[in-house]
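Here the structure comes first, spelled out in structure tokens, and everything after it is commentary.
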Amino acid sequence: MDDQYLDAFIRESEEAITELNNSLLDLESDPADEAAMDSIFRTAHTLKGNFGAMGFDDAANLAHAMEDLLDAMRQGEMQVNPDVMDLIFAGVDRIEVIVNEIEAEGESTTNSDELVAQLRTVLEEGAGAAGGDGSPSASDSTGDGGDAAGGDIDADIDPDEADGRVVHVTVDIGDSDMLGVDSMLALEGVEDIFDILAFEPGRADIEDGEFEDTFELYLDAGDAATVDAELDSVGKIERFTATDVTDSLSAATADADDTTAAGADETGGADGAADSGGEEEHSVDEIKSVRVDVDQLDDLHGLVEQLVTSRIKLRRAVETEDLDSAGETLNELDKITANLQNTVMDMRLIPLKKVVGKFPRLVRDLARELDKDIEFEIEGEDIELDRTILTEISDPLMHILRNSVDHGVESPAEREAAGKEPTGHITLRASRERDHVIIEVEDDGAGLDVEGIKNKAIEKGVRSPEEIEAMDDSAIYDLIFHPGFSTADEVTDTSGRGVGMDVVHDTVTQLDGSVNVDSTPGEGTTVALRLPVTMAIVKVLFVEVGDEEYGVPIKNVDEITATSSVKQVNGTEVIKHNDDIYPVIHLDDTFDVPGETANGDGMLVRIRESERQVALHCDSVNSQEEVVVKPLEGILSGTPGLSGTAVLGDGNIVHILDVVTL
């Protein structure tokens, strides 16, 4: 099959799935919404046609069954109720799994006959037949063909023996040259966080790599959302799905003949949809396509033409040794490349809705699982960000939203007891401020528990009791970004927030952004991310230290001074500026630089107070230049003090400093 057509089919299918999910949410909140119903039917019809045209008959049959059921709903012959909606959402999830498989393998191995049969049964017998069938379908959407509990092993698990919920996890290690070793490391990572109740296959087989594609675990956990958030950071696990099977196991224990999870529908149905969605549906590995305005292409073509003309002029000037003409052409080239840079950077900008379009479904599934009523709004989804930044912030935003739903917004009963409306509200809001974008997630929940955070910080050794007492509430809130809060007994037990927030902070910081949290007890919490619109090209100040050269982003630099102002205070070198004290950091010591250094002589680069109140000691300051910064990858990723590397015109590689983590 032609890769070009396949890629276009995949991209169009992804957009259709997001549109289908959001239109279904509109219909669920207002069954009389004819525009939403028309959009749903039209999108399902398009999916059916596209799958058929590309030869993916199984997916076409599924989309056809969904289209027929939706048509009955549109004609008023079928009631729009939560069970029917769960079944439709399960169908959407299954279609997404199929599309993901087609993208990865060129074909799909998922069998949807059972789900198609369920859809046809509801179509023939009415909405009441949807009962509890949505759940297994949703949780089975990984294509393993098993039920929510994953096989016969569930008979040996007693839910009453678990401290929390029983969560079934299907783990995929991905391609590995040492499957057994990687699987063992994955198991150890999981065990650091959760108690494992059972393995399928047995532990020995898993650690020997004796399994096909995936293995299964049963975990003792707070809920599936917690598993979803925590396992996201476990190394060696490429992807996973997490499903709460507590109720289905309880039902099986109470009545051995009743093996299907009617009870699991309450938790597993929404959960299966949410969590197969959590990793498969909602996670964005990479944005692989952009839409470019024809005018931008014309601009690009025009600039390239100018570039070619200038190149010819420059070559002639060099050959004839006409330095005046060469200088003029270089100035001309400078303007052309600046325009080229701006045009290309604009072409990389993608609307925020490319990522946040999937969030309404995430919030819906999680709220349904937790028996909460939540209205979710998105404002500013047309705000644009660089493709790389947009890809990176998808997971942090999901962490924040999950925490708002799970631990921020209270249950309807708790809200009414506190004098609030039973329905909670969460708003994701984006706005542009010059060369930055502000993304806020605001909820009207219980707010952060200051005392709970204080106690956890002291208990975990994050801060001393004396330090805690000296901190204001704003500084206390910032403690939730400390890695010490993301442990198996998360701060969420006491403060209502914490899972994955250190990941949020680290990711945003690496993107050269910042994150801030504000909360009012009883009224709600707002988490704000401040991100650059683009990040690839940065103006830096080059400094020399021994035999090495480093780049300091100009925006971080306040002034350059001589070392004569350095003083000793309690054995520490400092400089004074406007009555503020700036500790001196010696770059040669920090990076163990080879070669002779200036020691006491040299220069000081004082960093802006808003970034970090320090001064960097170097041998000399060389020049300023715009460079293309490449983020550190692999084992170097996250190295303190370094944000990336830049390749200079002479081919040399220079490290770009991250002044915050030095």
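Starting from 1 in every chain, residues are counted up; chains themselves are A, B, ... following the order of the structure tokens, and ligands are numbered from 1 as listed.
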Residues flagged strand (DSSP E) by DSSP in stretch 313-414 of chain A, as a short mmCIF file (atom, residue, chain, number, x, y, z; two decimals) with N, CA and C atoms, in the first residue's frame:
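As a result, selection-v3.cif now contains:
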data_model
loop_
_atom_site.label_atom_id
_atom_site.label_comp_id
_atom_site.auth_asym_id
_atom_site.auth_seq_id
_atom_site.Cartn_x
_atom_site.Cartn_y
_atom_site.Cartn_z
N LEU A 349 4.24 26.05 13.90
CA LEU A 349 3.24 26.34 14.92
C LEU A 349 1.95 25.57 14.67
N ILE A 350 1.43 24.97 15.73
CA ILE A 350 0.23 24.13 15.62
C ILE A 350 -0.77 24.56 16.70
N PRO A 351 -2.07 24.64 16.38
CA PRO A 351 -3.07 25.03 17.39
C PRO A 351 -3.08 24.07 18.56
N ILE A 374 -18.94 16.68 36.47
CA ILE A 374 -17.95 17.72 36.15
C ILE A 374 -18.24 18.31 34.78
N GLU A 375 -18.29 19.63 34.72
CA GLU A 375 -18.36 20.34 33.45
C GLU A 375 -16.96 20.81 33.09
N PHE A 376 -16.51 20.49 31.89
CA PHE A 376 -15.16 20.83 31.46
C PHE A 376 -15.21 21.76 30.26
N GLU A 377 -14.50 22.87 30.37
CA GLU A 377 -14.47 23.86 29.27
C GLU A 377 -13.04 24.10 28.82
N ILE A 378 -12.88 24.37 27.53
CA ILE A 378 -11.58 24.74 26.98
C ILE A 378 -11.71 26.11 26.34
N GLU A 379 -10.80 27.02 26.70
CA GLU A 379 -10.78 28.35 26.13
C GLU A 379 -9.42 28.60 25.48
N GLU A 384 -1.46 29.03 19.20
CA GLU A 384 -0.49 28.15 18.55
C GLU A 384 0.82 28.06 19.32
N LEU A 385 1.42 26.85 19.25
CA LEU A 385 2.72 26.57 19.88
C LEU A 385 3.57 25.77 18.92
N ASP A 386 4.88 25.80 19.14
CA ASP A 386 5.78 24.98 18.35
C ASP A 386 5.44 23.50 18.49
#
For this session: Taking the chain letters and numbering used in this document, name the residues of stretch 549-646 of chain A that DSSP puts in alpha helix (DSSP H), as JSON, numbers by chain.
Result: {"A": [587, 588, 589, 590]}
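Atom CA of A:Val462 sits 9.0 Å away from atom CA of A:Pro483.
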Exercise. Contacts of A:Val167 at 6 Å or less, counting only C-alpha atoms, minus same-chain residues fewer than 4 places along, as a ChimeraX atom specification?
Worked result: /A:218-219,224,243-245
Save out the residues we just selected, C-alpha atoms, as a JSON list (two decimals), in the first residue's frame.
[["chain", "number", "residue", "atom", "x", "y", "z"],
["A", 218, "TYR", "CA", -3.00, -7.46, 39.14],
["A", 219, "LEU", "CA", -2.10, -4.56, 41.43],
["A", 224, "ALA", "CA", -6.85, 2.87, 38.02],
["A", 243, "THR", "CA", -8.49, -1.36, 34.33],
["A", 244, "ASP", "CA", -10.21, -1.47, 37.73],
["A", 245, "VAL", "CA", -11.58, -5.04, 38.05]]
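Using only C-alpha atoms, the contacts of A:Val574 at a cut-off of 9 Å, with sequence neighbours closer than 4 positions omitted, comprise Ser565, Val566, Lys567, Gln568, Val569, Ile581, Tyr582, Pro583, Val584, Ile585, Val614 and Ala615 of chain A.
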Just-selected residues, C-alpha atoms written as a PDB file, in the first residue's frame:
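Contents of again.pdb, as written:
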ATOM      1  CA  SER A 565      33.640  42.956  43.528  1.00  0.00           C
ATOM      2  CA  VAL A 566      33.737  39.392  44.942  1.00  0.00           C
ATOM      3  CA  LYS A 567      33.625  39.148  48.742  1.00  0.00           C
ATOM      4  CA  GLN A 568      33.810  36.272  51.209  1.00  0.00           C
ATOM      5  CA  VAL A 569      30.787  35.725  53.481  1.00  0.00           C
ATOM      6  CA  ILE A 581      23.553  38.922  47.728  1.00  0.00           C
ATOM      7  CA  TYR A 582      24.466  36.757  44.710  1.00  0.00           C
ATOM      8  CA  PRO A 583      26.496  33.575  45.439  1.00  0.00           C
ATOM      9  CA  VAL A 584      29.274  32.926  42.894  1.00  0.00           C
ATOM     10  CA  ILE A 585      29.258  29.620  40.979  1.00  0.00           C
ATOM     11  CA  VAL A 614      23.629  33.762  41.305  1.00  0.00           C
ATOM     12  CA  ALA A 615      26.700  34.962  39.391  1.00  0.00           C
TER      13      ALA A 615
END
Might you pull out every residue within 8 Å of A:Asp588, with only C-alpha atoms counted and same-chain residues fewer than 2 positions away left off, and present them as a PDB file with N, CA and C atoms, in the first residue's frame?
ATOM      1  N   VAL A 545      35.853  28.780  29.683  1.00  0.00           N
ATOM      2  CA  VAL A 545      36.295  28.271  30.974  1.00  0.00           C
ATOM      3  C   VAL A 545      37.336  27.188  30.692  1.00  0.00           C
ATOM      4  N   GLY A 546      38.625  27.457  31.008  1.00  0.00           N
ATOM      5  CA  GLY A 546      39.674  26.483  30.693  1.00  0.00           C
ATOM      6  C   GLY A 546      39.688  26.203  29.206  1.00  0.00           C
ATOM      7  N   HIS A 586      31.446  28.751  40.349  1.00  0.00           N
ATOM      8  CA  HIS A 586      32.612  28.577  39.483  1.00  0.00           C
ATOM      9  C   HIS A 586      32.312  27.474  38.477  1.00  0.00           C
ATOM     10  N   THR A 590      32.132  23.275  38.697  1.00  0.00           N
ATOM     11  CA  THR A 590      30.849  22.614  38.452  1.00  0.00           C
ATOM     12  C   THR A 590      30.976  21.522  37.403  1.00  0.00           C
ATOM     13  N   PHE A 591      31.724  21.802  36.321  1.00  0.00           N
ATOM     14  CA  PHE A 591      31.817  20.845  35.209  1.00  0.00           C
ATOM     15  C   PHE A 591      33.178  20.159  35.128  1.00  0.00           C
ATOM     16  N   ASP A 592      34.017  20.361  36.173  1.00  0.00           N
ATOM     17  CA  ASP A 592      35.331  19.709  36.207  1.00  0.00           C
ATOM     18  C   ASP A 592      36.072  19.943  34.885  1.00  0.00           C
ATOM     19  N   VAL A 593      36.224  21.227  34.535  1.00  0.00           N
ATOM     20  CA  VAL A 593      36.759  21.606  33.224  1.00  0.00           C
ATOM     21  C   VAL A 593      38.265  21.358  33.154  1.00  0.00           C
ATOM     22  N   PRO A 594      38.751  20.730  32.064  1.00  0.00           N
ATOM     23  CA  PRO A 594      40.198  20.542  31.899  1.00  0.00           C
ATOM     24  C   PRO A 594      40.880  21.832  31.447  1.00  0.00           C
ATOM     25  N   THR A 597      42.702  27.518  34.234  1.00  0.00           N
ATOM     26  CA  THR A 597      41.591  28.455  34.407  1.00  0.00           C
ATOM     27  C   THR A 597      42.088  29.716  35.098  1.00  0.00           C
ATOM     28  N   CYS A 618      33.664  32.831  35.071  1.00  0.00           N
ATOM     29  CA  CYS A 618      34.286  32.232  33.889  1.00  0.00           C
ATOM     30  C   CYS A 618      35.609  32.950  33.619  1.00  0.00           C
TER      31      CYS A 618
END
Problem set entry | Closest of A:Gln624, A:Asn331, A:Gln510, A:Thr526 to A:Lys555 - atom-to-atom distances counting only C-alpha atoms | A:Gln624
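Counting only C-alpha atoms, the residue from A:Ala117, A:Leu370, A:Ile17, A:Val344 that sits nearest to A:Ile98 is A:Ile17.
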